[in-house]
Amino acid sequence: MNYPLISEYIEAFKSAEDNFEELSYLRPVQGDDGLPVMTGGNFAEVFKMKDVKTGKFYAIKCFTKEQKGRAEAYRQISEELKDVSSPYLVSIRYLEKELFVDTDQTIETEFPVLLMDWVEGKTLDKYLRENLDDKYALEMLAYRFSQLAQWLIPQPFAHGDLKPDNILVREDGTLVLVDYDGMYVPAMKGQKARELGSPDFRHPLRTETDFDEHIDDFSIALILLSLKAISFNSHYLEEYGASDRLLIGYSELNDLKDSRFLKDIIPSGNNIVDRYAFLFSMVYYEKRLPSQLFNYISCSKPLSFIPYTIGKHLYSLYDTANKKILPLQYKFIDFLDPTFKVSSSCIISNEYCGYKNAAIISCMRDLNNIQWYKQVQVLGKIKKRFIVKDSLDRYGIVDDSNNILLEFAYQEIKSIEVEEDVYLICKKGKYYGVLNKELKIIIPCILLELKDYSWLKLITYKNEQGSSFAMDLTNLNECKLPNLYNRISDYKEGILTFEIAEEQYRFFNLEKGCYINSFIYQKISEEEKIIINNSFVLCRRNNTNILVSIDGEEYPIEFEGNLSQYGETVIGISPIEIKFIGKFGYEETRSNYEVYVYNKNILKNKFVYKDSYCYRENFELINENTIWVWHYGKWARTGDCINLNGEHVSWPNSSNSRKENNVNNEESHLITLVREKYLNSTYISNYDKLEIDQCCFFEIKDLGEVAYVSYHWWNGSCDYEDYQEEDIRIGYADENMCYWSKDCMINQK
């Protein structure tokens with residue numbers, strides 16, 4: 001099939017409202033020359049379009065050459081990507097016979113187009129060459145590409161033509177993939193590739209039969225190595241690169257021994273560059289990335305500066321790009337994320353050890369115009385958003401680049417963390433409102449007397465008429481509450497526990513808006529609380545132990561000793577004192593214990609627990625089948641697990657109860673260097689001894705360009721007068737210098 005000329009497409013776009021079938025609401029965007037804004041490729045031309053209804057920009061791809069199987073391929077690609085939500089991809093939609101074009105090239109008049117979101121940005125190649133003098137920008141580009149690679153490689157699909165021209169850098173520096181003509185998706189398994197990609201970025205042995213989810217592996221390894229090496233030394237691009245490629249070209253890929261870059265530079269002296277060179281070599285010989293090397297892709301987020309101690313509680317910043325200490329002094333500096341996996345921002349303050357009179361610094365340009373806040377509070381577990389108070393005592397929310405996410409219009413903002421979600425209680429005037437973690441309004445500021453029961457994942461409030469309401473923050477269900485109660489004692493399984501008077505409780509179903517029954521209950525003992533446990537609660541009524549279901553059903557338990565409950569399983573404990581003559585000839589007492597096992601109020605089993613030589617023991621159900629027995633001895637307390645027959649068992653899920661960090665036994669160069677060079681100080685005199693001592697905790701992590709040191713010391717004394725504890729927690733070192741953001745070590749060079 002022949003396709004129109006570019007000039008014929010341009011003419012068709014001039015009357016887009018008449019020539020498009022479904023997309024008649026789009027109009028071409030014109031450049032300064034009066035022509036449509038467009039970019040070209042081997043098989044197509046892409047036009048920038050604007051939706052006249054919404055103002056949103058789109059890209060329309062019009063094809064200029066035939067490509068076998070294109071229509072079916074794009075239908076399969078669209079189907080695969082429609083449920084994939086990622087900032088690295090643009091949405092696509094293939095429309096057959098969408099555009100009418102009056103053309104002399106063929107008798108056809110209706111042609112297919114590909115509708116995509118328009119991405120405003122520069123190609124990776126152009127961005128790279130424009131920022132060769134900005135080391136931080138180059139390092140961020142390599143870091144962001146490593147993030148993209150970690151996302152793309154595990155996907156069941158592949159781009160198919162991964163090269164700098166098909167990667168756009170948005171204005172905020174984030175990356176996005178474009179041009180999906182060569183993409184592979186699982187529905188194409190067994191097919192041949194429609195194109196092989198650019199020779200400078202594809203494996204030299206790739207053929208049309210090499211068409212699966214691994215076809216990007218080689219391109220990723222090559223680009224990753226090039227970007228990281230250029231960020232290490234920008235002159236590499238001029239010396240070893242060319243206008244249409246990065247550091248290794250097509251002719252060199254046929255035989256790596258011909259690569260000047262690899263021969264001259266590797267080993268480079270930079271452990272990340274050398275690691276990527278090894279990764280590239282492995283992919284070169286394997287034609288795909290071995291799964292055991294996947295973790296080699298990651299690299300740490302670059303630092304534009306590092307906290308530097310210049311005196312007792314006096315700090316400055318070390319400029320990593322220009323390798324100098326800045327002429328600044330602060331009383332407090334703290335990185336929000338010491339590992340830089342989420343954020344490399346830090347808090348600076350003119351007050352010792354606090355987030356008051358503080359500023360958020362994310363890059364060097366922030367220091368030229370510091371935005372000071374009276375108070376800064378991290379919002380949620382991901383340390384990239386902050387509740388801040390300005391000079392006028394107004395609260396708002398900003399991100400780690402000081403962009404305002406929520407206007408400064410509130411007298412108070414308080415965050416509530418509920419499992420993985422975060423909610424915000426905002427006060428404006430005398431009224432309260434609730435926002436979710438996306439800062440969307442759940443309840444506008446119309447609430448009075450809001451109370452925070454965040455530990456119960458609950459809030460209560462009143463309306464203008466004085467009626468009380470409660471909201472479950474896990475599902476945002478709300479319900480009107482009865483007027484007569486002192487306080488809320490507990491909330492689980494959708495049931496509120498009201499203390500209606502001193503030591504008197506009722507249970508209220510929030511979803512149904514009513515009490516579960518008409519009875520009033522007491523605690524089973526002064527020490528224990530009333531706690532709903534797996535849809536049941538153990539309490540007392542009329543001096544009788546009662547197991548109550550959240551449906552209001554009662555199960556009286558005829559037992560006078562101590563009880564423990566989990567779900568509908570209840571155990572009763574009755575001690576049996578035994579007198580015996582001890583090893584010193586004196587009469588001593590120990591206890592055996594009769595354990596009664598109930599299902600609801602039906603006795604199912606009874607056994608005697610004998611393994612006790614302690615002063616006192618406590619029996620607690622930790623699930624419906626396991627009892628945890630605490631032994632209170634003379635100097636300590638220990639414990640065992642038994643089942644409902646009295647037999648010793650291991651702790652439930654003991655194999656998964658504690659997952660150890662996946663630590664590489666072969667220590668990295670930086671960690672070894674930090675131990676040898678920087679740990680010889682008056683504060684840390686003998687690392688090997690401290691590591692063995694359980695009273696001291698010391699950890700070093702290799703973050704790529706720098707190593708992170710965490711150290712906590714306790715002298716081990718149980719006497720209050722002799723007890724000393726010090727937390728020395730954030731320090732950094734690289735191959736040339738040791739930097740510290742706490743007063744823990746003397747500067748060393």
# chains A, B, ... in the order shown; residues from 1 in each chain; ligands from 1
$ residues_around --residues "range 64-73 of chain A" --least-positions-apart "6" --cutoff "6 Å" --atoms "only C-alpha atoms" --output "list in words"
Tyr3, Phe43 and Ala44 of chain A
$ write_last_selection --atoms "N, CA and C atoms" --output "JSON list (two decimals), in the first residue's frame"
[["chain", "number", "residue", "atom", "x", "y", "z"],
["A", 3, "TYR", "N", 1.33, 5.43, 0.55],
["A", 3, "TYR", "CA", 0.80, 6.42, 1.49],
["A", 3, "TYR", "C", 1.01, 7.81, 0.93],
["A", 43, "PHE", "N", 9.35, 5.88, 8.92],
["A", 43, "PHE", "CA", 8.09, 5.35, 8.42],
["A", 43, "PHE", "C", 6.91, 6.29, 8.62],
["A", 44, "ALA", "N", 7.11, 7.42, 9.31],
["A", 44, "ALA", "CA", 5.95, 8.22, 9.68],
["A", 44, "ALA", "C", 6.34, 9.67, 9.96]]
$ residues_around --residues "Glu239 in chain A" --least-positions-apart "2" --cutoff "12 Å" --atoms "only C-alpha atoms" --output "ChimeraX atom specification"
/A:230,233-237,241-243,246-248,260-261,264-265
$ atom_distance --atom1 "CA of Glu553 in chain A" --atom2 "CA of Asn601 in chain A"
11.7 Å
$ closest_residue --among "A:Tyr184, A:Phe57, A:Phe619, A:Phe232" --to "Leu138 in chain A" --atoms "only C-alpha atoms"
A:Phe232
$ select_by_dssp --residues "range 326-484 of chain A" --states "strand (DSSP E or B)" --output "PyMOL selection string"
chain A and resi 330+332-335+346-349+356-361+372-378+385-389+395-399+404-410+412-418+421-428+431-435+441-453+458-462+468-472+478-480
$ closest_residue --among "A:Ala193, A:Cys346, A:Leu603, A:Ile10" --to "Asp399 in chain A" --atoms "only C-alpha atoms"
A:Cys346
$ select_by_dssp --residues "range 111-317 of chain A" --states "alpha helix (DSSP H)" --output "count of residues only"
73
$ residues_around --residues "Ile524 in chain A" --least-positions-apart "5" --cutoff "12 Å" --atoms "only C-alpha atoms" --output "PyMOL selection string"
chain A and resi 503-505+529-531+537-547+557+559-565
$ residues_around --residues "Leu392 in chain A" --least-positions-apart "2" --cutoff "12 Å" --atoms "only C-alpha atoms" --output "list in words"
Trp372, Tyr373, Lys374, Gln375, Val388, Lys389, Asp390, Arg394, Tyr395, Gly396, Phe408, Ala409, Tyr410 and Gln411 of chain A
$ residues_around --residues "range 121-127 of chain A" --least-positions-apart "3" --cutoff "7 Å" --atoms "only C-alpha atoms" --output "mmCIF file with C-alpha atoms, in the first residue's frame"
data_model
loop_
_atom_site.group_PDB
_atom_site.id
_atom_site.type_symbol
_atom_site.label_atom_id
_atom_site.label_comp_id
_atom_site.auth_asym_id
_atom_site.auth_seq_id
_atom_site.Cartn_x
_atom_site.Cartn_y
_atom_site.Cartn_z
ATOM 1 C CA GLU A 130 23.143 20.576 26.087
ATOM 2 C CA ASN A 131 24.098 19.713 29.679
ATOM 3 C CA PRO A 164 18.391 8.209 22.737
ATOM 4 C CA ASP A 165 16.146 9.624 19.981
ATOM 5 C CA ASN A 166 13.236 7.492 21.244
ATOM 6 C CA ILE A 167 13.625 8.654 24.848
ATOM 7 C CA LEU A 168 12.308 12.116 25.686
ATOM 8 C CA VAL A 169 13.378 14.160 28.709
ATOM 9 C CA ARG A 170 10.473 16.189 30.060
ATOM 10 C CA GLU A 171 10.929 19.688 31.450
#
$ residues_around --residues "Lys604 in chain A" --least-positions-apart "5" --cutoff "12 Å" --atoms "only C-alpha atoms" --output "ChimeraX atom specification"
/A:569-572,595-599,644-645
$ atom_distance --atom1 "CA of Lys677 in chain A" --atom2 "CA of Thr309 in chain A"
17.8 Å
$ closest_residue --among "A:Lys414, A:Thr320, A:Val37, A:Asn42" --to "Asp734 in chain A" --atoms "only C-alpha atoms"
A:Thr320
$ decode --residues "range 489-523 of chain A" --atoms "C-alpha atoms" --output "tab-separated table (two decimals), in the first residue's frame"
chain	number	residue	atom	x	y	z
A	489	SER	CA	-12.21	2.97	74.14
A	490	ASP	CA	-11.62	0.82	71.05
A	491	TYR	CA	-12.61	0.37	67.41
A	492	LYS	CA	-12.15	-2.88	65.50
A	493	GLU	CA	-14.12	-5.03	63.07
A	494	GLY	CA	-16.44	-2.07	62.43
A	495	ILE	CA	-17.49	-1.98	66.10
A	496	LEU	CA	-17.00	1.01	68.41
A	497	THR	CA	-16.40	0.34	72.10
A	498	PHE	CA	-18.05	3.13	74.10
A	499	GLU	CA	-17.24	3.72	77.76
A	500	ILE	CA	-20.63	5.07	78.78
A	501	ALA	CA	-19.72	5.39	82.48
A	502	GLU	CA	-16.87	4.42	84.79
A	503	GLU	CA	-15.85	0.84	83.78
A	504	GLN	CA	-19.12	0.32	81.86
A	505	TYR	CA	-19.06	-0.42	78.14
A	506	ARG	CA	-21.39	-0.84	75.17
A	507	PHE	CA	-20.64	-1.89	71.61
A	508	PHE	CA	-21.87	0.09	68.61
A	509	ASN	CA	-21.98	-1.12	64.99
A	510	LEU	CA	-20.78	1.81	62.88
A	511	GLU	CA	-22.07	0.43	59.58
A	512	LYS	CA	-25.57	-0.33	60.90
A	513	GLY	CA	-25.68	2.76	63.14
A	514	CYS	CA	-26.93	0.95	66.23
A	515	TYR	CA	-25.78	-0.92	69.35
A	516	ILE	CA	-25.08	-4.64	68.80
A	517	ASN	CA	-27.38	-5.48	71.77
A	518	SER	CA	-28.95	-3.85	74.83
A	519	PHE	CA	-26.40	-4.97	77.46
A	520	ILE	CA	-23.73	-3.12	79.44
A	521	TYR	CA	-20.39	-4.89	80.07
A	522	GLN	CA	-17.36	-4.62	82.36
A	523	LYS	CA	-13.71	-5.59	81.91
